[in-house]
file model.cif (mmCIF, C-alpha atoms)
data_query
loop_
_atom_site.label_atom_id
_atom_site.label_comp_id
_atom_site.auth_asym_id
_atom_site.auth_seq_id
_atom_site.Cartn_x
_atom_site.Cartn_y
_atom_site.Cartn_z
CA MET X 1 -13.22 87.96 -174.15
CA LYS X 2 -16.93 88.28 -173.94
CA ASP X 3 -19.39 86.61 -176.34
CA ASN X 4 -16.70 85.18 -178.64
CA LYS X 5 -15.80 88.20 -180.71
CA TYR X 6 -13.60 87.34 -183.66
CA PHE X 7 -13.04 90.93 -184.67
CA LEU X 8 -13.25 94.33 -183.07
CA ASP X 9 -16.17 96.50 -183.98
CA ASP X 10 -16.32 98.87 -181.05
CA ARG X 11 -16.59 102.51 -181.85
CA PRO X 12 -13.38 104.48 -181.42
CA GLU X 13 -12.78 106.53 -178.32
CA LYS X 14 -11.94 110.17 -178.42
CA ILE X 15 -8.72 111.34 -176.86
CA SER X 16 -8.40 115.02 -176.02
CA TYR X 17 -5.20 116.93 -175.51
CA SER X 18 -4.60 120.36 -174.10
CA GLU X 19 -4.97 123.29 -176.44
CA VAL X 20 -1.26 123.92 -176.76
CA TRP X 21 -0.60 120.35 -177.81
CA GLN X 22 -3.47 120.44 -180.28
CA LYS X 23 -2.08 123.56 -181.92
CA PHE X 24 1.29 121.87 -182.24
CA PHE X 25 -0.27 118.72 -183.64
CA ASN X 26 -2.31 120.66 -186.17
CA TRP X 27 0.76 122.57 -187.31
CA ALA X 28 2.59 119.29 -187.78
CA ARG X 29 -0.28 117.52 -189.48
CA ALA X 30 -0.70 120.22 -192.08
CA LYS X 31 2.90 119.76 -193.19
CA SER X 32 2.61 116.17 -194.32
CA LEU X 33 -0.63 114.97 -195.87
CA TRP X 34 -0.48 111.44 -197.19
CA VAL X 35 -3.13 110.54 -199.70
CA VAL X 36 -4.49 107.04 -200.02
CA ALA X 37 -4.27 105.93 -203.64
CA TYR X 38 -7.89 105.04 -204.24
CA GLY X 39 -9.58 106.36 -207.35
CA THR X 40 -13.36 106.21 -207.29
CA GLY X 41 -14.18 107.97 -210.54
CA CYS X 42 -12.77 109.71 -213.59
CA GLY X 43 -11.03 112.35 -211.43
CA SER X 44 -8.37 109.90 -210.38
CA ILE X 45 -6.73 110.53 -213.77
CA GLU X 46 -5.74 113.98 -212.48
CA ILE X 47 -3.90 112.59 -209.45
CA PRO X 48 -0.83 111.13 -211.29
CA PRO X 49 0.13 114.48 -212.88
CA MET X 50 -0.38 116.13 -209.51
CA VAL X 51 2.06 113.88 -207.65
CA THR X 52 4.62 113.48 -210.44
CA SER X 53 7.27 115.89 -211.61
CA ARG X 54 5.28 118.55 -213.43
CA PHE X 55 3.09 119.78 -210.57
CA ASP X 56 5.06 117.95 -207.89
CA ALA X 57 2.74 117.94 -204.91
CA GLU X 58 5.47 116.53 -202.72
CA ARG X 59 6.97 119.99 -202.22
CA PHE X 60 3.88 120.70 -200.11
CA GLY X 61 4.23 117.42 -198.26
CA VAL X 62 1.43 115.74 -200.23
CA SER X 63 2.36 112.22 -201.22
CA ASN X 64 0.70 108.95 -202.19
CA VAL X 65 0.61 105.88 -199.99
CA GLY X 66 -0.76 102.47 -200.76
CA THR X 67 -2.87 101.61 -197.74
CA PRO X 68 -5.58 103.39 -195.77
CA ARG X 69 -3.80 102.68 -192.49
CA GLN X 70 -0.95 105.07 -193.24
CA ALA X 71 -3.02 107.73 -194.97
CA ASP X 72 -4.36 111.06 -193.75
CA VAL X 73 -6.39 112.15 -196.76
CA LEU X 74 -9.00 110.29 -198.81
CA ILE X 75 -9.74 111.84 -202.19
CA ILE X 76 -13.18 111.08 -203.55
CA SER X 77 -12.37 111.70 -207.18
CA GLY X 78 -15.46 112.29 -209.21
CA TYR X 79 -18.71 110.38 -209.38
CA LEU X 80 -19.40 107.89 -206.63
CA ALA X 81 -21.55 104.87 -207.41
CA VAL X 82 -23.46 103.09 -204.68
CA LYS X 83 -21.23 100.06 -205.11
CA THR X 84 -18.15 102.23 -204.60
CA LEU X 85 -19.70 104.02 -201.63
CA LYS X 86 -19.60 100.76 -199.69
CA ARG X 87 -15.86 100.50 -200.26
CA VAL X 88 -15.32 104.20 -199.55
CA ILE X 89 -16.97 103.86 -196.15
CA ARG X 90 -14.78 100.88 -195.31
CA VAL X 91 -11.63 102.66 -196.45
CA TYR X 92 -12.56 105.82 -194.59
CA GLU X 93 -13.24 104.02 -191.32
CA GLN X 94 -10.01 102.06 -191.57
CA MET X 95 -7.92 105.21 -191.72
CA GLN X 96 -6.22 106.41 -188.56
CA SER X 97 -7.91 109.13 -186.71
CA PRO X 98 -6.84 112.58 -187.83
CA LYS X 99 -8.23 112.05 -191.32
CA TYR X 100 -9.56 114.38 -193.96
CA VAL X 101 -11.65 113.94 -197.08
CA VAL X 102 -11.36 115.98 -200.27
CA GLY X 103 -14.23 115.87 -202.74
CA LEU X 104 -13.09 116.41 -206.32
CA GLY X 105 -15.33 117.56 -209.11
CA ALA X 106 -18.91 118.64 -209.60
CA CYS X 107 -20.22 115.11 -209.05
CA THR X 108 -19.34 115.13 -205.36
CA VAL X 109 -20.98 118.54 -204.86
CA ASN X 110 -24.43 117.78 -206.26
CA GLY X 111 -24.18 114.93 -208.72
CA GLY X 112 -22.85 117.04 -211.59
CA MET X 113 -23.81 115.75 -215.01
CA TYR X 114 -25.01 112.50 -213.39
CA TYR X 115 -27.62 114.27 -211.24
CA ASP X 116 -30.40 112.03 -212.62
CA SER X 117 -28.45 108.78 -212.72
CA TYR X 118 -29.83 105.73 -210.95
CA ASN X 119 -26.46 104.79 -209.57
CA THR X 120 -24.56 107.98 -208.70
CA VAL X 121 -24.72 109.40 -205.20
CA ASN X 122 -25.66 113.07 -205.40
CA LEU X 123 -24.71 114.44 -201.99
CA VAL X 124 -21.56 112.71 -200.84
CA ASP X 125 -21.30 114.67 -197.58
CA GLN X 126 -24.41 112.91 -196.28
CA TYR X 127 -22.48 109.65 -196.05
CA VAL X 128 -18.88 110.70 -195.43
CA PRO X 129 -17.86 114.08 -193.94
CA ILE X 130 -16.04 116.18 -196.50
CA ASP X 131 -13.62 118.92 -195.50
CA VAL X 132 -12.83 120.55 -198.84
CA PHE X 133 -14.72 120.50 -202.12
CA VAL X 134 -12.85 121.25 -205.33
CA ALA X 135 -15.28 122.28 -208.05
CA GLY X 136 -14.77 121.60 -211.74
CA CYS X 137 -15.42 118.89 -214.25
CA MET X 138 -12.68 117.77 -213.96
CA PRO X 139 -10.50 120.13 -211.87
CA ARG X 140 -6.98 120.60 -213.19
CA PRO X 141 -4.03 119.62 -210.97
CA GLU X 142 -3.57 123.32 -210.12
CA ALA X 143 -7.09 123.39 -208.72
CA ILE X 144 -6.44 120.26 -206.70
CA LEU X 145 -3.29 121.84 -205.30
CA ALA X 146 -5.29 124.95 -204.40
CA GLY X 147 -7.75 122.67 -202.63
CA PHE X 148 -4.91 121.11 -200.70
CA ALA X 149 -3.63 124.55 -199.75
CA GLN X 150 -7.07 125.36 -198.39
CA LEU X 151 -7.13 122.06 -196.51
CA MET X 152 -3.76 122.85 -194.93
CA LYS X 153 -5.05 126.27 -193.88
CA LYS X 154 -8.13 124.67 -192.33
CA ILE X 155 -6.06 122.09 -190.47
CA LYS X 156 -3.72 124.76 -189.09
CA GLU X 157 -6.68 126.78 -187.85
CA GLY X 158 -8.19 123.64 -186.35
CA ARG X 159 -11.34 123.84 -188.49
CA ALA X 160 -10.88 120.57 -190.39
CA ASP X 161 -12.82 118.49 -187.90
CA GLY X 162 -14.88 116.29 -190.21
CA TRP X 163 -13.59 113.14 -188.54
CA LYS X 164 -14.74 114.42 -185.14
CA GLN X 165 -18.17 115.18 -186.52
CA TYR X 166 -18.31 111.72 -188.05
CA LEU X 167 -17.73 110.12 -184.66
CA ASP X 168 -20.21 112.43 -182.93
CA ASN X 169 -22.96 111.89 -185.50
CA LEU X 170 -22.16 108.31 -186.48
CA ASP X 171 -25.77 107.22 -185.99
CA LYS X 172 -26.99 109.88 -188.40
CA TYR X 173 -24.39 108.94 -191.00
CA ARG X 174 -25.19 105.22 -190.59
CA LYS X 175 -28.86 105.94 -191.14
CA ASN X 176 -28.10 107.76 -194.38
CA GLN X 177 -25.74 104.99 -195.49
CA GLU X 178 -28.25 102.25 -194.76
CA LYS X 179 -30.88 104.05 -196.80
CA VAL X 180 -28.77 103.79 -199.95
CA ILE X 181 -26.87 100.54 -199.43
CA LYS X 182 -29.32 97.68 -199.19
CA ASN X 183 -28.76 94.24 -197.72
CA TRP X 184 -25.50 95.18 -196.08
CA LYS X 185 -24.93 94.07 -192.52
CA ILE X 186 -22.89 97.07 -191.44
CA PRO X 187 -20.72 96.44 -188.38
CA ASN X 188 -20.60 99.05 -185.64
CA TYR X 189 -17.33 100.26 -187.02
CA ASN X 190 -14.99 98.91 -189.72
CA TRP X 191 -11.60 98.65 -188.12
CA MET R 1 -20.31 91.77 -249.14
CA GLU R 2 -23.29 91.90 -251.50
CA GLN R 3 -22.57 88.37 -252.62
CA THR R 4 -22.69 87.18 -249.04
CA ILE R 5 -26.04 88.86 -248.48
CA LYS R 6 -27.38 87.29 -251.68
CA LYS R 7 -26.23 83.87 -250.53
CA LEU R 8 -27.89 84.48 -247.18
CA GLU R 9 -31.13 85.53 -248.87
CA ASN R 10 -31.21 82.25 -250.76
CA ILE R 11 -31.01 80.20 -247.60
CA PHE R 12 -32.76 82.28 -244.92
CA LYS R 13 -35.59 84.76 -244.84
CA ILE R 14 -34.26 88.27 -244.39
CA VAL R 15 -36.88 90.72 -243.19
CA LYS R 16 -35.04 93.95 -243.86
CA LYS R 17 -31.73 95.12 -245.32
CA GLU R 18 -30.07 98.36 -244.31
CA LYS R 19 -26.85 100.10 -245.18
CA GLY R 20 -24.76 101.27 -242.26
CA LYS R 21 -23.25 104.70 -241.86
CA ARG R 22 -19.84 103.34 -242.78
CA GLU R 23 -18.74 101.68 -246.00
CA ASN R 24 -17.99 98.37 -244.31
CA LEU R 25 -21.10 98.12 -242.15
CA ASN R 26 -24.30 96.27 -243.07
CA ILE R 27 -27.40 95.66 -241.00
CA LEU R 28 -29.71 92.71 -241.53
CA GLU R 29 -32.92 91.96 -239.72
CA VAL R 30 -33.80 88.28 -239.50
CA GLU R 31 -36.53 86.28 -237.83
CA LYS R 32 -35.74 85.29 -234.31
CA ASP R 33 -36.13 81.56 -234.88
CA SER R 34 -33.46 81.53 -237.58
CA LEU R 35 -30.88 83.62 -235.68
CA HIS R 36 -28.78 80.70 -234.48
CA ALA R 37 -28.67 79.22 -237.97
CA VAL R 38 -27.68 82.57 -239.51
CA LEU R 39 -24.92 83.14 -236.96
CA SER R 40 -23.48 79.66 -237.33
CA TYR R 41 -23.58 79.94 -241.14
CA LEU R 42 -21.77 83.27 -241.02
CA ARG R 43 -19.23 81.98 -238.54
CA ASP R 44 -18.40 78.77 -240.38
CA ASN R 45 -18.73 79.72 -244.04
CA GLU R 46 -18.25 83.48 -244.29
CA SER R 47 -15.32 84.12 -241.89
CA PHE R 48 -17.32 86.21 -239.37
CA LYS R 49 -15.45 84.62 -236.51
CA HIS R 50 -15.50 87.50 -234.05
CA LEU R 51 -18.57 88.49 -232.04
CA ALA R 52 -17.88 92.11 -231.14
CA LEU R 53 -20.96 92.95 -229.08
CA VAL R 54 -24.46 91.92 -228.14
CA SER R 55 -26.61 94.91 -227.38
CA CYS R 56 -30.24 95.66 -226.66
CA VAL R 57 -32.58 98.52 -227.58
CA ASP R 58 -35.89 99.24 -225.90
CA TRP R 59 -38.60 100.17 -228.44
CA ILE R 60 -41.29 100.97 -225.93
CA GLU R 61 -43.68 102.42 -228.57
CA ASP R 62 -43.69 99.18 -230.57
CA ASN R 63 -43.63 97.06 -227.39
CA LYS R 64 -40.48 95.31 -228.53
CA PHE R 65 -36.88 94.71 -227.54
CA GLN R 66 -34.26 94.71 -230.28
CA LEU R 67 -31.26 92.44 -229.84
CA SER R 68 -28.26 93.26 -232.05
CA TYR R 69 -25.41 90.85 -232.66
CA ILE R 70 -22.42 92.67 -234.09
CA LEU R 71 -19.99 90.49 -236.02
CA TRP R 72 -16.57 91.29 -237.44
CA SER R 73 -14.58 89.52 -240.13
CA TYR R 74 -10.82 89.74 -239.75
CA GLN R 75 -10.15 88.67 -243.34
CA ARG R 76 -12.56 91.02 -245.09
CA ARG R 77 -12.49 93.78 -242.45
CA VAL R 78 -16.25 94.30 -242.48
CA ASN R 79 -18.88 94.56 -239.76
CA LEU R 80 -22.25 92.89 -239.98
CA ILE R 81 -25.08 93.55 -237.55
CA ILE R 82 -27.75 90.88 -237.24
CA LYS R 83 -30.77 92.18 -235.40
CA ILE R 84 -33.94 90.52 -234.16
CA PHE R 85 -37.02 91.73 -232.34
CA ILE R 86 -38.55 90.01 -229.34
CA ASP R 87 -41.74 90.65 -227.46
CA ARG R 88 -41.39 93.23 -224.68
CA ASP R 89 -44.04 91.70 -222.45
CA LYS R 90 -42.33 88.31 -222.60
CA PRO R 91 -38.61 89.13 -222.83
CA GLU R 92 -37.13 85.71 -223.43
CA PHE R 93 -34.62 84.38 -225.89
CA LYS R 94 -32.13 81.55 -226.22
CA THR R 95 -28.46 82.00 -225.46
CA ILE R 96 -25.85 81.90 -228.23
CA MET R 97 -23.16 80.58 -225.94
CA ASN R 98 -22.92 77.38 -227.97
CA LEU R 99 -21.76 79.44 -230.95
CA PHE R 100 -19.83 82.24 -229.25
CA PRO R 101 -18.90 81.50 -225.62
CA GLN R 102 -17.97 85.13 -224.95
CA ALA R 103 -21.65 86.07 -225.27
CA GLU R 104 -22.08 84.90 -221.68
CA VAL R 105 -20.99 88.26 -220.25
CA TYR R 106 -22.98 90.35 -222.73
CA GLU R 107 -26.11 88.40 -221.99
CA ARG R 108 -25.53 88.77 -218.28
CA GLU R 109 -25.29 92.53 -218.71
CA ILE R 110 -28.47 92.67 -220.80
CA LYS R 111 -30.27 90.52 -218.24
CA GLU R 112 -29.40 93.00 -215.50
CA LEU R 113 -29.98 96.26 -217.36
CA TYR R 114 -33.00 95.26 -219.51
CA GLY R 115 -34.37 92.15 -217.86
CA VAL R 116 -34.19 89.93 -220.96
CA ASN R 117 -34.02 86.28 -219.94
CA PHE R 118 -31.54 84.16 -221.91
CA GLU R 119 -32.45 80.52 -221.66
CA GLY R 120 -29.40 78.29 -221.22
CA ASN R 121 -26.99 80.92 -219.85
CA PRO R 122 -25.79 79.57 -216.49
CA THR R 123 -24.48 82.81 -214.98
CA GLN R 124 -27.08 85.31 -216.13
CA ASP R 125 -28.62 85.76 -212.70
CA GLU R 126 -25.37 86.90 -211.07
CA GLU R 127 -24.86 90.59 -210.36
CA PHE R 128 -23.02 92.39 -213.12
CA VAL R 129 -22.60 96.02 -212.00
CA LEU R 130 -25.48 96.73 -209.67
CA GLU R 131 -25.57 95.32 -206.16
CA ASP R 132 -28.91 94.49 -204.54
CA TRP R 133 -31.08 96.19 -207.14
CA ASP R 134 -34.76 95.97 -206.23
CA GLN R 135 -36.45 98.14 -208.87
CA ILE R 136 -37.33 97.31 -212.49
CA PRO R 137 -34.22 97.03 -214.71
CA PRO R 138 -32.78 100.54 -214.94
CA MET R 139 -32.16 100.84 -218.68
CA ARG R 140 -35.79 100.20 -219.56
CA ARG R 141 -37.35 103.39 -220.76
CA ASP R 142 -40.30 103.28 -218.37
CA PHE R 143 -37.90 103.53 -215.43
CA ASP R 144 -37.86 107.15 -214.20
CA THR R 145 -34.24 107.75 -213.27
CA LEU R 146 -34.70 111.37 -212.16
CA LYS R 147 -37.51 110.47 -209.78
CA TYR R 148 -35.54 107.52 -208.40
CA SER R 149 -32.41 109.64 -207.99
CA ASN R 150 -34.28 112.41 -206.16
CA GLU R 151 -35.99 109.96 -203.84
CA MET R 152 -32.90 107.91 -203.15
CA PHE R 153 -30.03 110.36 -203.15
CA GLY R 154 -31.74 113.66 -202.41
CA ASP R 155 -31.06 117.06 -203.86
CA ARG R 156 -29.11 120.00 -202.56
CA ASP R 157 -32.14 122.27 -202.04
CA SER R 158 -30.15 125.25 -200.88
CA GLU R 159 -30.17 128.87 -201.91
CA VAL R 160 -28.47 127.84 -205.12
CA LYS R 161 -31.67 126.39 -206.51
CA LYS R 162 -33.91 129.27 -205.51
CA THR R 163 -31.71 131.97 -207.00
CA ASN R 164 -32.12 132.65 -210.68
CA ILE R 165 -28.57 132.25 -211.91
CA ARG R 166 -29.36 133.22 -215.52
CA LYS R 167 -30.86 136.53 -214.39
CA ILE R 168 -27.83 137.31 -212.27
CA ILE R 169 -25.51 136.61 -215.19
CA SER R 170 -27.58 138.65 -217.65
CA ASP R 171 -27.81 141.58 -215.19
CA TYR R 172 -24.10 141.44 -214.76
CA THR R 173 -23.38 141.34 -218.47
CA ASP R 174 -25.85 144.21 -219.11
CA GLU R 175 -24.10 146.30 -216.53
CA TRP R 176 -20.78 145.43 -218.06
CA ARG R 177 -22.00 146.40 -221.54
CA ARG R 178 -23.28 149.77 -220.31
CA LYS R 179 -19.81 150.59 -219.09
#

call {"tool": "encode", "arguments": {"input": "model.cif", "output": "structure tokens"}}
result
Amino acid sequence: MKDNKYFLDDRPEKISYSEVWQKFFNWARAKSLWVVAYGTGCGSIEIPPMVTSRFDAERFGVSNVGTPRQADVLIISGYLAVKTLKRVIRVYEQMQSPKYVVGLGACTVNGGMYYDSYNTVNLVDQYVPIDVFVAGCMPRPEAILAGFAQLMKKIKEGRADGWKQYLDNLDKYRKNQEKVIKNWKIPNYNW
Amino acid sequence: MEQTIKKLENIFKIVKKEKGKRENLNILEVEKDSLHAVLSYLRDNESFKHLALVSCVDWIEDNKFQLSYILWSYQRRVNLIIKIFIDRDKPEFKTIMNLFPQAEVYEREIKELYGVNFEGNPTQDEEFVLEDWDQIPPMRRDFDTLKYSNEMFGDRDSEVKKTNIRKIISDYTDEWRRK
């Protein structure tokens, strides 16, 4: 072990498969999306009706899990404060590699009704890559399910590559993150 | 309630009396030196045992901060707001933690959002909601939140902003009406 590292902060390596395998993987990934249960704003109140019996997202393979390690999807539900953005970045980087982000509500698109707030991030996709936006304030569970259907379509077509872009442009994303979050000694990568 | 206010008037100097919007709400303005005495009198003799909230208002035109102490009596089921004014250029006051220990958190919040210094509060300098804030306190009215937000978080300056949405909607509705 060189220079006494107590934790790993190397950037992840990319592994590429042949096109046939990738198509198979994408088909399989779209069938079971596990959502990390992390509510950042008021939109998280719409998640319980979505996963429970009335709208029953599990028939599409969408289900809740407790930890970021097992999850495929991170939902940014509603307004995102700077304090929460720190935690979102950590959660996002701890997730295993085929990972997707859904932005819920008008606040993630352009700040929504908090466009002039001192503490709400206006453009979330500058800090974390977002695959699908669901507009509305707040979107109903039907709209969230429609967003998930769109996400599944994108994954099957191989277009949901936000996590690849995040690794390719990590320096750019870090620069944006460091502009907003002050006095934070960001490691190379949060494993 | 009127009897209580009369008793208070005999002992302390009350600058202004106001009626609240509800039946069981009264607002009294007192001098800031006598606030601790008024609060302890109300707590011990008039059953106002519950401090519901400490809040702050920025009167930038008068160059003053207003501190409101909202009390509640469980026995009589009435609210009483005691308010004082302090100087905006020198925002300092004494803590009321010796009377109501739960005021510690409220004062910490006011310290962060308005910058009022409460002498004697041990935890007021800790972060309450904001982390690493380096501007003037954000709830002061001379803090320009829109400018700060645009500088810090940017704006989605896409086609959406350039297009005149209202005109598109009105054109569409006109066309629809003509049909």

call {"tool": "residues_around", "arguments": {"input": "model.cif", "residues": "region 36-50 of chain R", "least_positions_apart": "2", "cutoff": "8 Å", "atoms": "only C-alpha atoms", "output": "count of residues only"}}
result
13

call {"tool": "interface_residues", "arguments": {"input": "model.cif", "of": "chain R", "to": "chain X", "cutoff": "10 Å", "atoms": "only C-alpha atoms", "output": "list in words"}}
result
Val129, Leu130, Glu131, Asp132, Trp133, Asp134, Pro138, Met139, Phe143, Asp144, Thr145, Leu146, Lys147, Tyr148, Ser149, Asn150, Met152, Phe153, Gly154, Asp155, Arg156 and Asp157 of chain R

call {"tool": "atom_distance", "arguments": {"input": "model.cif", "atom1": "CA of Lys153 (chain X)", "atom2": "CA of Gln94 (chain X)"}}
result
24.8 Å

call {"tool": "atom_distance", "arguments": {"input": "model.cif", "atom1": "CA of Ser77 (chain X)", "atom2": "CA of Gly61 (chain X)"}}
result
19.7 Å

call {"tool": "residues_around", "arguments": {"input": "model.cif", "residues": "Pro137 (chain R)", "least_positions_apart": "5", "cutoff": "6 Å", "atoms": "all atoms listed in the file", "output": "list in words"}}
result
Leu113, Tyr114 and Gly115 of chain R

call {"tool": "resolve_selection", "arguments": {"input": "model.cif", "expression": "the PyMOL selection byres ((chain R and resi 26) around 9)", "output": "ChimeraX atom specification"}}
result
/R:1,17-25,27-28,78-82

call {"tool": "closest_residue", "arguments": {"input": "model.cif", "among": "X:Thr84, X:Asn188, X:Thr108, X:Ser63", "to": "Asp9 (chain X)", "atoms": "only C-alpha atoms"}}
result
X:Asn188

call {"tool": "atom_distance", "arguments": {"input": "model.cif", "atom1": "CA of Lys14 (chain X)", "atom2": "CA of Asp168 (chain X)"}}
result
9.7 Å

call {"tool": "closest_residue", "arguments": {"input": "model.cif", "among": "X:Gly162, X:Gly105, X:Asn169, X:Lys175", "to": "Gly147 (chain X)", "atoms": "all atoms listed in the file"}}
result
X:Gly105

call {"tool": "closest_residue", "arguments": {"input": "model.cif", "among": "X:Val101, X:Asp125, X:Val62, X:Arg69", "to": "Lys31 (chain X)", "atoms": "all atoms listed in the file"}}
result
X:Val62

call {"tool": "resolve_selection", "arguments": {"input": "model.cif", "expression": "the PyMOL selection byres ((chain X and resi 36) around 6)", "output": "PyMOL selection string"}}
result
chain X and resi 35+37-38+64-66+68+71+74

call {"tool": "resolve_selection", "arguments": {"input": "model.cif", "expression": "the PyMOL selection byres ((chain X and resi 58) around 12)", "output": "list of chain:residue names"}}
result
X:Lys31, X:Ser32, X:Leu33, X:Trp34, X:Val35, X:Pro48, X:Pro49, X:Met50, X:Val51, X:Thr52, X:Ser53, X:Arg54, X:Phe55, X:Asp56, X:Ala57, X:Arg59, X:Phe60, X:Gly61, X:Val62, X:Ser63, X:Asn64, X:Leu145, X:Phe148

call {"tool": "write_last_selection", "arguments": {"input": "model.cif", "atoms": "C-alpha atoms", "output": "JSON list (two decimals), keeping the file's coordinate frame"}}
result
[["chain", "number", "residue", "atom", "x", "y", "z"],
["X", 31, "LYS", "CA", 2.90, 119.76, -193.19],
["X", 32, "SER", "CA", 2.61, 116.17, -194.32],
["X", 33, "LEU", "CA", -0.63, 114.97, -195.87],
["X", 34, "TRP", "CA", -0.48, 111.44, -197.19],
["X", 35, "VAL", "CA", -3.13, 110.54, -199.70],
["X", 48, "PRO", "CA", -0.83, 111.13, -211.29],
["X", 49, "PRO", "CA", 0.13, 114.48, -212.88],
["X", 50, "MET", "CA", -0.38, 116.13, -209.51],
["X", 51, "VAL", "CA", 2.06, 113.88, -207.65],
["X", 52, "THR", "CA", 4.62, 113.48, -210.44],
["X", 53, "SER", "CA", 7.27, 115.89, -211.61],
["X", 54, "ARG", "CA", 5.28, 118.55, -213.43],
["X", 55, "PHE", "CA", 3.09, 119.78, -210.57],
["X", 56, "ASP", "CA", 5.06, 117.95, -207.89],
["X", 57, "ALA", "CA", 2.74, 117.94, -204.91],
["X", 59, "ARG", "CA", 6.97, 119.99, -202.22],
["X", 60, "PHE", "CA", 3.88, 120.70, -200.11],
["X", 61, "GLY", "CA", 4.23, 117.42, -198.26],
["X", 62, "VAL", "CA", 1.43, 115.74, -200.23],
["X", 63, "SER", "CA", 2.36, 112.22, -201.22],
["X", 64, "ASN", "CA", 0.70, 108.95, -202.19],
["X", 145, "LEU", "CA", -3.29, 121.84, -205.30],
["X", 148, "PHE", "CA", -4.91, 121.11, -200.70]]

call {"tool": "closest_residue", "arguments": {"input": "model.cif", "among": "R:Asn117, R:Ser170, R:Thr95, R:Asn10", "to": "Phe65 (chain R)", "atoms": "only C-alpha atoms"}}
result
R:Asn117

call {"tool": "closest_residue", "arguments": {"input": "model.cif", "among": "X:Asp161, X:Asp72, X:Glu46, X:Asp171", "to": "Cys137 (chain X)", "atoms": "only C-alpha atoms"}}
result
X:Glu46

call {"tool": "closest_residue", "arguments": {"input": "model.cif", "among": "X:Ala146, X:Met152, X:Val91, X:Ile76", "to": "Ile130 (chain X)", "atoms": "all atoms listed in the file"}}
result
X:Ile76

call {"tool": "residues_near_point", "arguments": {"input": "model.cif", "point": "(-28.6, 90.5, -232.3)", "cutoff": "6 Å", "atoms": "all atoms listed in the file", "output": "PDB file with C-alpha atoms, keeping the file's coordinate frame"}}
result
ATOM      1  CA  LEU R  67     -31.260  92.440-229.840  1.00  0.00           C
ATOM      2  CA  SER R  68     -28.260  93.260-232.050  1.00  0.00           C
ATOM      3  CA  TYR R  69     -25.410  90.850-232.660  1.00  0.00           C
ATOM      4  CA  ILE R  82     -27.750  90.880-237.240  1.00  0.00           C
ATOM      5  CA  LYS R  83     -30.770  92.180-235.400  1.00  0.00           C
ATOM      6  CA  ILE R  84     -33.940  90.520-234.160  1.00  0.00           C
TER       7      ILE R  84
END

call {"tool": "residues_around", "arguments": {"input": "model.cif", "residues": "Val105 (chain R)", "least_positions_apart": "3", "cutoff": "9 Å", "atoms": "all atoms listed in the file", "output": "number ranges by chain"}}
result
R: 101-102, 108-110, 123-124, 128

call {"tool": "residues_near_point", "arguments": {"input": "model.cif", "point": "(-4.8, 119.9, -191.5)", "cutoff": "10 Å", "atoms": "all atoms listed in the file", "output": "PyMOL selection string"}}
result
chain X and resi 25-33+72-73+98-100+131+148-161
